[in-house]
Amino acid sequence: MAGPGTWSLARAALIILLLPRSLEECGRISSSASIVRLGDAITASCVINQNCSHLGPESQILWKLGAELQPGGQQQRLLDGTQTSTITLPHINNPWTLLSCCLLWGDSLQILDQVELQAGYPPSTPHNLSCLMNLTTNSLTCQWEPGPDTHLSTNFTLKSFKSRGKCQTHEEAIPDCIPKDGQSRCSIPRKHLQLYQTMGIWVQAENALGTSVSPQLCLDPMDVVKLEPPTLWGLDPIPEVTPPQQGCLLLRWESWKLSAYIEQKCELRYQPQLGEDSWALVGPLPSRTLQYELCGLLPSTAYTLQMRCVRWPLPGHWSDWSPRLELSTPQQAPIVKLDTWWRQRQLDPKTVDVQLFWKPMSLEEEREQIQGYLVSWRPSGQAGAVLPLCNTTELNCTFHLPSAAREVVLVAYNTAGTSHPTPVVFLESRGPPLGRLHTIALDPHSLWVGWEPPRPQPRGYVIEWSPGTTSPSSSHKTWKMEHNGSIAGTLLQENIRPFQLYEITVTPLYQDTMGPSQHIYAYSQEMGPSHAPELHLKHIGKTWAQLEWVPQAPELGKSPLTHYTVFWTNAQGQSFSTVLNASSHGFVLHGLEPASLYHVHLMAASQAGATNSTSLTLMTLALEVSELQIILGLFGLLILFTCLCGAARFCCRPRKNPLWPSVPDPAHSSLGSWVPTIMAEEVFQLPSLWDPSMPPITKITVLEEEEKKPGPWESSDSSGTRGLPTLVQAYVLQGDPRAPSIQPQSQSGTSDQVLYGRVLGSPTQPGPGHYIRCDSTQPLLENLTPSPKSYENLWFQTSPVRTPEPLVPNQEDDCAFGPLLDFPLLQGLQVHGMEGLGGF
């Protein structure tokens, strides 16, 4: 038995399977048009019939244009149970799209119906209609330009009719010509044509949005005949009949057989195969002779030729150009001017060695005519005798001549003949020399050489240049001749390379003589030094080393040196350097370590570059044993002197008892200006402080012992010990001890002394105390040990059983014993527990 879940799944599957078919029969779309102009509006409505009412009274119809939902649908339920929705789309901007009517079914959209919408333009008017009568295919072919794309299926039809005159009347219609898809031409067969009779032709374009026609073309098929190109070939001249002409080609052609009965004219075009010359046109050519001699061409030059023909004198169209024909003009004797130059070297008194150079002054195409050069000499006194000296294809020749020979003859030749002879006269150097010769490097591949023209003015100059004498190719010279004697320089561009030294020679040429040759060395771009001088060690010490080198001689073509740089490196890899001027030839390294290894090298630099020398390795000298002993001795003396100075300073400073505190001199103390905060719980009264007979007191200190348990000799109920404070308080009265008093001072003191003394006693012991008065201004702290605490000014030496023993003063002291009140500093001093002191 199936459960509820199984039944729900089956029912859902059944609904999904049956839903598309049921919905397909529910709704239909109707639109105002299926094809509209691009950008126009369209209105569509979707109707759901009453058979689909079980879908629910609140079913919602939605619209989609392509993949996008379209708002604005107006939904309505009619009385018969049908449900409608109408929408107006303002703009159709796609040439092709789908409009869908959908129903919202649950959470998804179900398409009820779809229509295809197309948008485009009406066909534009075809233009540029033209027709050709092709005698090969025996048909009239017309072509046209259809115009811009309409985005719609557009049909073109070539329409025509037979007529008379200017095609004002229609005599007979000719079947329409339908071109193939995508083509803009169509051919009307010969059977539908009537030659030498006019006919009207036009093109009609039609699509769903309209129809357009081209302007009508009225023509005679024979007036638009296009002939086939002729066949062209060349003829070799027959010397017996027609002697060959220099720079001419003899041509012949034959018309197409089917057009042999048609009167026509032809034209010829040609151009050289080499170079970029445009086509040269020759015509019209007579058609009956079928032969033509083309002249005015360059000799020994290959040409490309083509021919075409047209019906003439009646109207027609030019044929296509014939296939290319390639012919070469025959050679002719060289017509060339030769510039010559020579060099002579005396072998013996009767023979000279002559090296002759020449250059043909002609275009490159004309130079190809020359097959060789011939140098000959006619001995004097031998009429008609010509001796050949050399026959070569090069531009130079070396031969021997008698010393008396002054002229040779040079000619260029080919299969057609020889050029005009060029006499070469060996001139003597008797003319004035040139002025100052100089050069300027314009760029790495050119040199400007200038000079001062001599007087009288030469008829020309010969300039020679070749790599410098250090180059292995110095024998290969390049030369040129300047025929203008008024110039003061020329630019050399041939065979000029950077970083290469050139020897330039300039020779002036006069009418019957020549001047002496002037030489100069130059380079188009300077080169850095090829190598640096070699370093040598001249002297060396323990902390220095003297280096020297031999400067290199200046090299031609090399940039002069600007400076030297010396580099040295120690064994730890530390590098040092110094820069020296170019005139230096030595240097001393200072600050070196003894017995250390150093690597040194020299760099020579110029504006064009730098180069390094080979590395020099050196080791400084080690220190000797005696020097080590001297250094160690000096070091020991320095330590000893330092120790002595320290001991003297320690022994000469004032010695103090290290166990007794340092008591400052009250007369020079700064405590007189210090006023501490007086505690509020204690008021210290000194009724006898203002006694006029008493000396000024700067400071009074009350010392109080810390509270402690009474000893066996101390009374625990003594009234003097009860209530003692736990801290020591200081009371300071402002005053100047050096200020003059209105009362005379005691005779026991002086006006510039401060009297003080030692008080001996204990505040906790009954009975009188003892003091020692002294006129000294220094503390009397000698012979008192052990040191009291920092707050005590009384000390009692206690026996082992804690019994106080009064200290008996030394009778050898310079202080006298006396009453306590005779001590000025202790007047007004009250010590707790010492009430028994006499008179205090």
# chains A, B, ... in the order shown; residues from 1 in each chain; ligands from 1
>>> select_by_dssp(residues="segment 193-268 of chain A", states="strand (DSSP E or B)", output="PyMOL selection string")
chain A and resi 199-207+210-213+217-219+225-226+231-235+249-254+264-268
>>> residues_around(residues="Cys397 of chain A", least_positions_apart="6", cutoff="12 Å", atoms="only C-alpha atoms", output="PDB file with N, CA and C atoms, in the first residue's frame")
ATOM      1  N   THR A 340      89.030  60.057 -62.994  1.00  0.00           N
ATOM      2  CA  THR A 340      90.237  59.247 -62.811  1.00  0.00           C
ATOM      3  C   THR A 340      91.165  59.899 -61.814  1.00  0.00           C
ATOM      4  N   TRP A 341      91.981  59.058 -61.164  1.00  0.00           N
ATOM      5  CA  TRP A 341      93.017  59.479 -60.235  1.00  0.00           C
ATOM      6  C   TRP A 341      94.091  58.413 -60.218  1.00  0.00           C
ATOM      7  N   TRP A 342      95.302  58.803 -59.890  1.00  0.00           N
ATOM      8  CA  TRP A 342      96.415  57.874 -59.974  1.00  0.00           C
ATOM      9  C   TRP A 342      97.416  58.128 -58.866  1.00  0.00           C
ATOM     10  N   ARG A 343      98.268  57.119 -58.671  1.00  0.00           N
ATOM     11  CA  ARG A 343      99.420  57.207 -57.788  1.00  0.00           C
ATOM     12  C   ARG A 343     100.612  56.588 -58.518  1.00  0.00           C
ATOM     13  N   ASP A 353     105.861  52.671 -61.466  1.00  0.00           N
ATOM     14  CA  ASP A 353     104.683  51.842 -61.151  1.00  0.00           C
ATOM     15  C   ASP A 353     103.491  52.781 -60.979  1.00  0.00           C
ATOM     16  N   VAL A 354     102.440  52.543 -61.753  1.00  0.00           N
ATOM     17  CA  VAL A 354     101.269  53.417 -61.757  1.00  0.00           C
ATOM     18  C   VAL A 354     100.063  52.634 -61.233  1.00  0.00           C
ATOM     19  N   GLN A 355      99.386  53.217 -60.278  1.00  0.00           N
ATOM     20  CA  GLN A 355      98.112  52.674 -59.788  1.00  0.00           C
ATOM     21  C   GLN A 355      97.012  53.650 -60.188  1.00  0.00           C
ATOM     22  N   LEU A 356      96.142  53.203 -61.096  1.00  0.00           N
ATOM     23  CA  LEU A 356      95.108  54.057 -61.675  1.00  0.00           C
ATOM     24  C   LEU A 356      93.750  53.717 -61.068  1.00  0.00           C
ATOM     25  N   PHE A 357      93.007  54.763 -60.688  1.00  0.00           N
ATOM     26  CA  PHE A 357      91.649  54.606 -60.139  1.00  0.00           C
ATOM     27  C   PHE A 357      90.684  55.372 -61.029  1.00  0.00           C
ATOM     28  N   TRP A 358      89.433  54.889 -61.099  1.00  0.00           N
ATOM     29  CA  TRP A 358      88.404  55.597 -61.870  1.00  0.00           C
ATOM     30  C   TRP A 358      87.019  55.311 -61.297  1.00  0.00           C
ATOM     31  N   GLY A 372      83.201  45.913 -68.714  1.00  0.00           N
ATOM     32  CA  GLY A 372      84.608  45.952 -68.364  1.00  0.00           C
ATOM     33  C   GLY A 372      85.230  47.270 -68.755  1.00  0.00           C
ATOM     34  N   TYR A 373      86.514  47.408 -68.340  1.00  0.00           N
ATOM     35  CA  TYR A 373      87.276  48.621 -68.623  1.00  0.00           C
ATOM     36  C   TYR A 373      88.611  48.207 -69.252  1.00  0.00           C
ATOM     37  N   LEU A 374      89.065  49.070 -70.178  1.00  0.00           N
ATOM     38  CA  LEU A 374      90.308  48.798 -70.901  1.00  0.00           C
ATOM     39  C   LEU A 374      91.207  50.013 -70.794  1.00  0.00           C
ATOM     40  N   VAL A 375      92.480  49.774 -70.315  1.00  0.00           N
ATOM     41  CA  VAL A 375      93.495  50.822 -70.224  1.00  0.00           C
ATOM     42  C   VAL A 375      94.560  50.518 -71.277  1.00  0.00           C
ATOM     43  N   SER A 376      94.860  51.531 -72.090  1.00  0.00           N
ATOM     44  CA  SER A 376      95.842  51.328 -73.168  1.00  0.00           C
ATOM     45  C   SER A 376      96.792  52.518 -73.225  1.00  0.00           C
ATOM     46  N   PRO A 388      97.694  47.514 -74.972  1.00  0.00           N
ATOM     47  CA  PRO A 388      96.790  47.368 -73.807  1.00  0.00           C
ATOM     48  C   PRO A 388      97.594  47.154 -72.529  1.00  0.00           C
ATOM     49  N   LEU A 389      97.222  47.901 -71.497  1.00  0.00           N
ATOM     50  CA  LEU A 389      97.895  47.778 -70.191  1.00  0.00           C
ATOM     51  C   LEU A 389      97.126  46.879 -69.234  1.00  0.00           C
ATOM     52  N   CYS A 390      95.811  46.975 -69.210  1.00  0.00           N
ATOM     53  CA  CYS A 390      95.010  46.096 -68.352  1.00  0.00           C
ATOM     54  C   CYS A 390      93.568  46.109 -68.849  1.00  0.00           C
ATOM     55  N   ASN A 391      92.921  44.978 -68.690  1.00  0.00           N
ATOM     56  CA  ASN A 391      91.509  44.796 -69.037  1.00  0.00           C
ATOM     57  C   ASN A 391      90.832  44.195 -67.803  1.00  0.00           C
ATOM     58  N   LEU A 410      91.606  55.431 -71.144  1.00  0.00           N
ATOM     59  CA  LEU A 410      90.692  54.531 -70.436  1.00  0.00           C
ATOM     60  C   LEU A 410      89.354  54.548 -71.150  1.00  0.00           C
TER      61      LEU A 410
END
>>> closest_residue(among="A:Thr136, A:Asn484, A:Thr301, A:Thr97", to="Ser319 of chain A", atoms="only C-alpha atoms")
A:Thr136
>>> residues_around(residues="segment 546-556 of chain A", least_positions_apart="3", cutoff="10 Å", atoms="only C-alpha atoms", output="PyMOL selection string")
chain A and resi 468-470+500-502+521-523+526-527+529-541+559-561+566+582-590+600+602+604+616
>>> write_last_selection(atoms="C-alpha atoms", output="PDB file, in the first residue's frame")
ATOM      1  CA  GLY A 468      94.910  54.856 -40.336  1.00  0.00           C
ATOM      2  CA  THR A 469      98.319  53.321 -40.700  1.00  0.00           C
ATOM      3  CA  THR A 470      97.694  51.104 -37.672  1.00  0.00           C
ATOM      4  CA  GLN A 500      88.134  54.154 -36.577  1.00  0.00           C
ATOM      5  CA  LEU A 501      91.036  56.451 -37.335  1.00  0.00           C
ATOM      6  CA  TYR A 502      91.126  57.746 -40.902  1.00  0.00           C
ATOM      7  CA  TYR A 521      94.025  62.248 -39.304  1.00  0.00           C
ATOM      8  CA  ALA A 522      90.497  62.200 -37.945  1.00  0.00           C
ATOM      9  CA  TYR A 523      87.843  59.914 -36.552  1.00  0.00           C
ATOM     10  CA  GLU A 526      86.510  58.918 -30.537  1.00  0.00           C
ATOM     11  CA  MET A 527      87.518  55.734 -28.797  1.00  0.00           C
ATOM     12  CA  PRO A 529      92.079  54.115 -24.261  1.00  0.00           C
ATOM     13  CA  SER A 530      92.945  50.616 -25.412  1.00  0.00           C
ATOM     14  CA  HIS A 531      95.017  49.801 -22.317  1.00  0.00           C
ATOM     15  CA  ALA A 532      96.262  51.464 -19.134  1.00  0.00           C
ATOM     16  CA  PRO A 533      99.931  51.897 -18.135  1.00  0.00           C
ATOM     17  CA  GLU A 534     101.510  49.046 -16.221  1.00  0.00           C
ATOM     18  CA  LEU A 535     102.071  49.637 -12.500  1.00  0.00           C
ATOM     19  CA  HIS A 536     105.527  49.186 -10.992  1.00  0.00           C
ATOM     20  CA  LEU A 537     106.608  49.164  -7.328  1.00  0.00           C
ATOM     21  CA  LYS A 538     109.460  51.605  -6.836  1.00  0.00           C
ATOM     22  CA  HIS A 539     109.905  51.598  -3.041  1.00  0.00           C
ATOM     23  CA  ILE A 540     108.035  50.068  -0.137  1.00  0.00           C
ATOM     24  CA  GLY A 541     108.115  50.550   3.620  1.00  0.00           C
ATOM     25  CA  SER A 559      90.478  60.313 -26.911  1.00  0.00           C
ATOM     26  CA  PRO A 560      93.155  61.979 -24.712  1.00  0.00           C
ATOM     27  CA  LEU A 561      93.314  60.860 -21.102  1.00  0.00           C
ATOM     28  CA  VAL A 566      94.470  54.193  -8.248  1.00  0.00           C
ATOM     29  CA  ALA A 582      96.501  62.831 -16.424  1.00  0.00           C
ATOM     30  CA  SER A 583     100.035  64.222 -16.040  1.00  0.00           C
ATOM     31  CA  SER A 584     100.838  62.031 -13.009  1.00  0.00           C
ATOM     32  CA  HIS A 585     103.263  59.156 -13.335  1.00  0.00           C
ATOM     33  CA  GLY A 586     103.562  58.026  -9.711  1.00  0.00           C
ATOM     34  CA  PHE A 587     101.812  57.899  -6.360  1.00  0.00           C
ATOM     35  CA  VAL A 588     102.653  56.991  -2.744  1.00  0.00           C
ATOM     36  CA  LEU A 589     100.207  54.895  -0.722  1.00  0.00           C
ATOM     37  CA  HIS A 590     100.176  55.985   2.916  1.00  0.00           C
ATOM     38  CA  VAL A 600      96.648  47.579  -6.488  1.00  0.00           C
ATOM     39  CA  LEU A 602      95.438  51.602 -12.135  1.00  0.00           C
ATOM     40  CA  ALA A 604      93.117  55.255 -17.153  1.00  0.00           C
ATOM     41  CA  LEU A 616      99.873  44.578  -8.753  1.00  0.00           C
TER      42      LEU A 616
END
>>> closest_residue(among="A:Trp312, A:Tyr564, A:Tyr121, A:Phe156", to="Val225 of chain A", atoms="only C-alpha atoms")
A:Trp312
>>> residues_around(residues="Gly316 of chain A", least_positions_apart="6", cutoff="10 Å", atoms="only C-alpha atoms", output="MDAnalysis selection string")
chainID A and resid 132:133 221:227 264 309:310
>>> write_last_selection(atoms="N, CA, C and O atoms", output="CSV table (one decimal), in the first residue's frame")
chain,number,residue,atom,x,y,z
A,132,LEU,N,26.8,45.5,-69.0
A,132,LEU,CA,27.9,45.2,-70.0
A,132,LEU,C,27.5,44.0,-70.8
A,132,LEU,O,26.9,43.0,-70.3
A,133,MET,N,27.8,44.1,-72.1
A,133,MET,CA,27.5,43.0,-73.0
A,133,MET,C,28.7,42.2,-73.2
A,133,MET,O,29.7,42.6,-73.7
A,221,PRO,N,22.3,47.0,-76.4
A,221,PRO,CA,23.2,46.0,-75.9
A,221,PRO,C,24.6,46.1,-76.6
A,221,PRO,O,25.6,45.9,-75.9
A,222,MET,N,24.6,46.5,-77.8
A,222,MET,CA,25.9,46.5,-78.5
A,222,MET,C,26.7,47.8,-78.1
A,222,MET,O,27.9,47.8,-78.3
A,223,ASP,N,26.0,48.8,-77.5
A,223,ASP,CA,26.8,50.0,-77.1
A,223,ASP,C,27.5,49.7,-75.7
A,223,ASP,O,28.3,50.6,-75.3
A,224,VAL,N,27.2,48.6,-75.1
A,224,VAL,CA,27.9,48.3,-73.8
A,224,VAL,C,28.7,47.1,-73.9
A,224,VAL,O,28.9,46.4,-73.0
A,225,VAL,N,29.2,46.8,-75.1
A,225,VAL,CA,30.0,45.6,-75.3
A,225,VAL,C,31.4,45.8,-74.7
A,225,VAL,O,32.0,46.8,-74.8
A,226,LYS,N,31.8,44.8,-74.0
A,226,LYS,CA,33.1,44.7,-73.4
A,226,LYS,C,33.9,43.6,-74.0
A,226,LYS,O,33.6,42.4,-73.9
A,227,LEU,N,35.0,44.0,-74.7
A,227,LEU,CA,35.8,43.1,-75.5
A,227,LEU,C,36.7,42.3,-74.6
A,227,LEU,O,37.1,42.8,-73.5
A,264,GLN,N,38.0,48.6,-83.4
A,264,GLN,CA,38.4,48.9,-82.0
A,264,GLN,C,39.7,49.6,-82.0
A,264,GLN,O,40.4,49.7,-83.0
A,309,CYS,N,41.9,46.9,-75.2
A,309,CYS,CA,41.2,47.4,-76.4
A,309,CYS,C,39.8,47.8,-76.1
A,309,CYS,O,39.2,47.2,-75.1
A,310,VAL,N,39.1,48.6,-76.9
A,310,VAL,CA,37.8,49.0,-76.8
A,310,VAL,C,37.1,49.2,-78.1
A,310,VAL,O,37.8,49.4,-79.1
>>> atom_distance(atom1="atom CA of Val579 of chain A", atom2="atom CA of Thr565 of chain A")
4.4 Å
>>> closest_residue(among="A:Gln83, A:Thr211, A:Gln332, A:Ser613", to="Asn155 of chain A", atoms="only C-alpha atoms")
A:Thr211
>>> residues_around(residues="Leu117 of chain A", least_positions_apart="3", cutoff="6 Å", atoms="only C-alpha atoms", output="list in words")
Ser34, Ile35, Trp96, Thr97 and Leu98 of chain A
>>> residues_around(residues="segment 269-282 of chain A", least_positions_apart="2", cutoff="8 Å", atoms="only C-alpha atoms", output="compact mmCIF listing (two decimals) with N, CA, C and O atoms, in the first residue's frame")
# COMPACT_ATOMS: atom_id res chain seq x y z
N GLU A 267 45.38 50.48 -76.33
CA GLU A 267 46.40 51.28 -75.67
C GLU A 267 47.33 50.37 -74.90
O GLU A 267 46.95 49.29 -74.46
N PRO A 284 46.20 56.17 -78.59
CA PRO A 284 45.70 54.87 -79.09
C PRO A 284 46.60 54.29 -80.17
O PRO A 284 47.25 55.03 -80.91
N LEU A 285 46.66 52.98 -80.21
CA LEU A 285 47.46 52.27 -81.20
C LEU A 285 46.55 51.82 -82.35
O LEU A 285 45.41 51.40 -82.13
N THR A 301 67.40 47.30 -69.96
CA THR A 301 66.47 47.41 -68.84
C THR A 301 65.27 46.51 -69.10
O THR A 301 64.75 46.47 -70.24
N ALA A 302 64.83 45.78 -68.08
CA ALA A 302 63.67 44.89 -68.19
C ALA A 302 62.40 45.70 -67.94
O ALA A 302 62.33 46.48 -66.98
N TYR A 303 61.40 45.49 -68.80
CA TYR A 303 60.12 46.20 -68.70
C TYR A 303 58.97 45.21 -68.65
O TYR A 303 59.07 44.08 -69.17
N THR A 304 57.87 45.66 -68.02
CA THR A 304 56.62 44.92 -68.00
C THR A 304 55.60 45.68 -68.85
O THR A 304 55.43 46.91 -68.67
N LEU A 305 54.91 44.98 -69.77
CA LEU A 305 54.00 45.61 -70.71
C LEU A 305 52.64 44.92 -70.65
O LEU A 305 52.56 43.69 -70.45
N GLN A 306 51.56 45.71 -70.88
CA GLN A 306 50.18 45.20 -70.95
C GLN A 306 49.40 46.03 -71.98
O GLN A 306 49.72 47.20 -72.21
N MET A 307 48.33 45.42 -72.56
CA MET A 307 47.52 46.09 -73.57
C MET A 307 46.06 45.79 -73.33
O MET A 307 45.70 44.71 -72.82
>>> residues_around(residues="Tyr413 of chain A", least_positions_apart="4", cutoff="10 Å", atoms="only C-alpha atoms", output="list in words")
Gln332, Ala333, Pro334, Ile335, Gln369, Ile370, Gln371, Gly372, Tyr373, Leu374, Gly417, Thr418, Ser419 and His420 of chain A
>>> write_last_selection(atoms="all heavy atoms", output="mmCIF file, in the first residue's frame")
data_model
loop_
_atom_site.group_PDB
_atom_site.id
_atom_site.type_symbol
_atom_site.label_atom_id
_atom_site.label_comp_id
_atom_site.auth_asym_id
_atom_site.auth_seq_id
_atom_site.Cartn_x
_atom_site.Cartn_y
_atom_site.Cartn_z
ATOM 1 N N GLN A 332 73.483 49.117 -75.353
ATOM 2 C CA GLN A 332 74.109 50.090 -76.222
ATOM 3 C C GLN A 332 75.485 50.401 -75.681
ATOM 4 O O GLN A 332 75.803 50.095 -74.523
ATOM 5 C CB GLN A 332 73.275 51.356 -76.321
ATOM 6 C CG GLN A 332 73.161 52.133 -75.033
ATOM 7 C CD GLN A 332 72.361 53.408 -75.199
ATOM 8 O OE1 GLN A 332 71.829 53.660 -76.294
ATOM 9 N NE2 GLN A 332 72.259 54.196 -74.151
ATOM 10 N N ALA A 333 76.269 50.971 -76.495
ATOM 11 C CA ALA A 333 77.626 51.312 -76.066
ATOM 12 C C ALA A 333 77.556 52.265 -74.876
ATOM 13 O O ALA A 333 76.699 53.153 -74.828
ATOM 14 C CB ALA A 333 78.393 51.950 -77.218
ATOM 15 N N PRO A 334 78.409 52.069 -73.887
ATOM 16 C CA PRO A 334 78.337 52.928 -72.688
ATOM 17 C C PRO A 334 78.518 54.405 -73.035
ATOM 18 O O PRO A 334 79.422 54.780 -73.779
ATOM 19 C CB PRO A 334 79.486 52.415 -71.823
ATOM 20 C CG PRO A 334 79.767 51.045 -72.317
ATOM 21 C CD PRO A 334 79.473 51.059 -73.786
ATOM 22 N N ILE A 335 77.621 55.178 -72.481
ATOM 23 C CA ILE A 335 77.740 56.637 -72.554
ATOM 24 C C ILE A 335 77.982 57.098 -71.125
ATOM 25 O O ILE A 335 77.048 57.244 -70.331
ATOM 26 C CB ILE A 335 76.476 57.267 -73.148
ATOM 27 C CG1 ILE A 335 76.207 56.691 -74.541
ATOM 28 C CG2 ILE A 335 76.618 58.784 -73.222
ATOM 29 C CD1 ILE A 335 74.931 57.186 -75.152
ATOM 30 N N GLN A 369 75.276 48.471 -67.765
ATOM 31 C CA GLN A 369 75.618 48.212 -69.158
ATOM 32 C C GLN A 369 77.103 47.914 -69.329
ATOM 33 O O GLN A 369 77.498 47.292 -70.320
ATOM 34 C CB GLN A 369 75.263 49.421 -70.029
ATOM 35 C CG GLN A 369 73.840 49.905 -69.875
ATOM 36 C CD GLN A 369 73.633 51.230 -70.581
ATOM 37 O OE1 GLN A 369 74.364 51.586 -71.492
ATOM 38 N NE2 GLN A 369 72.626 51.967 -70.157
ATOM 39 N N ILE A 370 77.934 48.397 -68.406
ATOM 40 C CA ILE A 370 79.376 48.279 -68.563
ATOM 41 C C ILE A 370 79.799 46.880 -68.175
ATOM 42 O O ILE A 370 79.520 46.411 -67.066
ATOM 43 C CB ILE A 370 80.095 49.332 -67.705
ATOM 44 C CG1 ILE A 370 79.657 50.747 -68.142
ATOM 45 C CG2 ILE A 370 81.602 49.184 -67.817
ATOM 46 C CD1 ILE A 370 80.217 51.843 -67.285
ATOM 47 N N GLN A 371 80.488 46.243 -69.082
ATOM 48 C CA GLN A 371 80.987 44.887 -68.817
ATOM 49 C C GLN A 371 82.455 44.864 -68.439
ATOM 50 O O GLN A 371 82.918 43.874 -67.868
ATOM 51 C CB GLN A 371 80.769 44.019 -70.059
ATOM 52 C CG GLN A 371 79.308 43.806 -70.400
ATOM 53 C CD GLN A 371 79.131 42.957 -71.635
ATOM 54 O OE1 GLN A 371 80.092 42.694 -72.374
ATOM 55 N NE2 GLN A 371 77.904 42.524 -71.896
ATOM 56 N N GLY A 372 83.201 45.913 -68.714
ATOM 57 C CA GLY A 372 84.608 45.952 -68.364
ATOM 58 C C GLY A 372 85.230 47.270 -68.755
ATOM 59 O O GLY A 372 84.591 48.149 -69.347
ATOM 60 N N TYR A 373 86.514 47.408 -68.340
ATOM 61 C CA TYR A 373 87.276 48.621 -68.623
ATOM 62 C C TYR A 373 88.611 48.207 -69.252
ATOM 63 O O TYR A 373 89.201 47.182 -68.881
ATOM 64 C CB TYR A 373 87.525 49.429 -67.345
ATOM 65 C CG TYR A 373 86.252 49.881 -66.664
ATOM 66 C CD1 TYR A 373 85.650 49.094 -65.687
ATOM 67 C CD2 TYR A 373 85.659 51.095 -66.997
ATOM 68 C CE1 TYR A 373 84.488 49.501 -65.057
ATOM 69 C CE2 TYR A 373 84.489 51.508 -66.372
ATOM 70 C CZ TYR A 373 83.907 50.705 -65.403
ATOM 71 O OH TYR A 373 82.752 51.092 -64.803
ATOM 72 N N LEU A 374 89.065 49.070 -70.178
ATOM 73 C CA LEU A 374 90.308 48.798 -70.901
ATOM 74 C C LEU A 374 91.207 50.013 -70.794
ATOM 75 O O LEU A 374 90.794 51.136 -71.102
ATOM 76 C CB LEU A 374 90.023 48.484 -72.373
ATOM 77 C CG LEU A 374 91.236 48.184 -73.260
ATOM 78 C CD1 LEU A 374 91.951 46.912 -72.800
ATOM 79 C CD2 LEU A 374 90.810 48.036 -74.728
ATOM 80 N N GLY A 417 79.529 48.010 -77.786
ATOM 81 C CA GLY A 417 80.613 48.887 -78.194
ATOM 82 C C GLY A 417 81.338 49.451 -76.993
ATOM 83 O O GLY A 417 81.221 48.960 -75.854
ATOM 84 N N THR A 418 82.135 50.493 -77.274
ATOM 85 C CA THR A 418 82.933 51.137 -76.234
ATOM 86 C C THR A 418 82.481 52.581 -76.053
ATOM 87 O O THR A 418 81.853 53.180 -76.932
ATOM 88 C CB THR A 418 84.425 51.121 -76.604
ATOM 89 O OG1 THR A 418 84.601 51.835 -77.838
ATOM 90 C CG2 THR A 418 84.926 49.685 -76.761
ATOM 91 N N SER A 419 82.828 53.112 -74.898
ATOM 92 C CA SER A 419 82.516 54.505 -74.609
ATOM 93 C C SER A 419 83.548 55.407 -75.262
ATOM 94 O O SER A 419 84.555 54.953 -75.822
ATOM 95 C CB SER A 419 82.488 54.722 -73.094
ATOM 96 O OG SER A 419 83.780 54.524 -72.549
ATOM 97 N N HIS A 420 83.303 56.709 -75.150
ATOM 98 C CA HIS A 420 84.297 57.666 -75.636
ATOM 99 C C HIS A 420 85.557 57.539 -74.790
ATOM 100 O O HIS A 420 85.485 57.386 -73.561
ATOM 101 C CB HIS A 420 83.754 59.085 -75.583
ATOM 102 C CG HIS A 420 82.620 59.322 -76.535
ATOM 103 N ND1 HIS A 420 82.791 59.396 -77.913
ATOM 104 C CD2 HIS A 420 81.301 59.495 -76.310
ATOM 105 C CE1 HIS A 420 81.636 59.604 -78.496
ATOM 106 N NE2 HIS A 420 80.696 59.670 -77.539
#
>>> closest_residue(among="A:Tyr598, A:Gly431, A:Pro453, A:Lys337", to="Gln574 of chain A", atoms="only C-alpha atoms")
A:Tyr598
>>> select_by_dssp(residues="segment 413-634 of chain A", states="alpha helix (DSSP H)", output="PyMOL selection string")
chain A and resi 625-634
>>> closest_atom_pairs(of="segment 194-241 of chain A", to="segment 288-291 of chain A", cutoff="12 Å", atoms="only C-alpha atoms", output="Markdown table")
| residue | atom | partner | partner_atom | distance |
| --- | --- | --- | --- | --- |
| A:Pro230 | CA | A:Leu290 | CA | 10.1 |
| A:Thr231 | CA | A:Leu290 | CA | 10.3 |
| A:Leu232 | CA | A:Leu290 | CA | 9.5 |
| A:Trp233 | CA | A:Gln291 | CA | 9.7 |
| A:Gly234 | CA | A:Gln291 | CA | 9.4 |
| A:Leu235 | CA | A:Gln291 | CA | 9.2 |
>>> write_last_selection(atoms="N, CA and C atoms", output="short mmCIF file (atom, residue, chain, number, x, y, z; two decimals), in the first residue's frame")
data_model
loop_
_atom_site.label_atom_id
_atom_site.label_comp_id
_atom_site.auth_asym_id
_atom_site.auth_seq_id
_atom_site.Cartn_x
_atom_site.Cartn_y
_atom_site.Cartn_z
N PRO A 230 43.44 41.63 -75.78
CA PRO A 230 44.22 41.03 -76.87
C PRO A 230 45.38 40.21 -76.33
N THR A 231 46.04 39.49 -77.22
CA THR A 231 47.24 38.72 -76.89
C THR A 231 48.45 39.49 -77.39
N LEU A 232 49.44 39.74 -76.45
CA LEU A 232 50.59 40.59 -76.75
C LEU A 232 51.86 39.76 -76.67
N TRP A 233 52.79 40.01 -77.63
CA TRP A 233 54.11 39.39 -77.57
C TRP A 233 55.13 40.30 -78.25
N GLY A 234 56.41 40.01 -78.08
CA GLY A 234 57.49 40.81 -78.62
C GLY A 234 58.13 40.15 -79.83
N LEU A 235 58.74 41.02 -80.69
CA LEU A 235 59.41 40.55 -81.89
C LEU A 235 60.89 40.91 -81.83
#
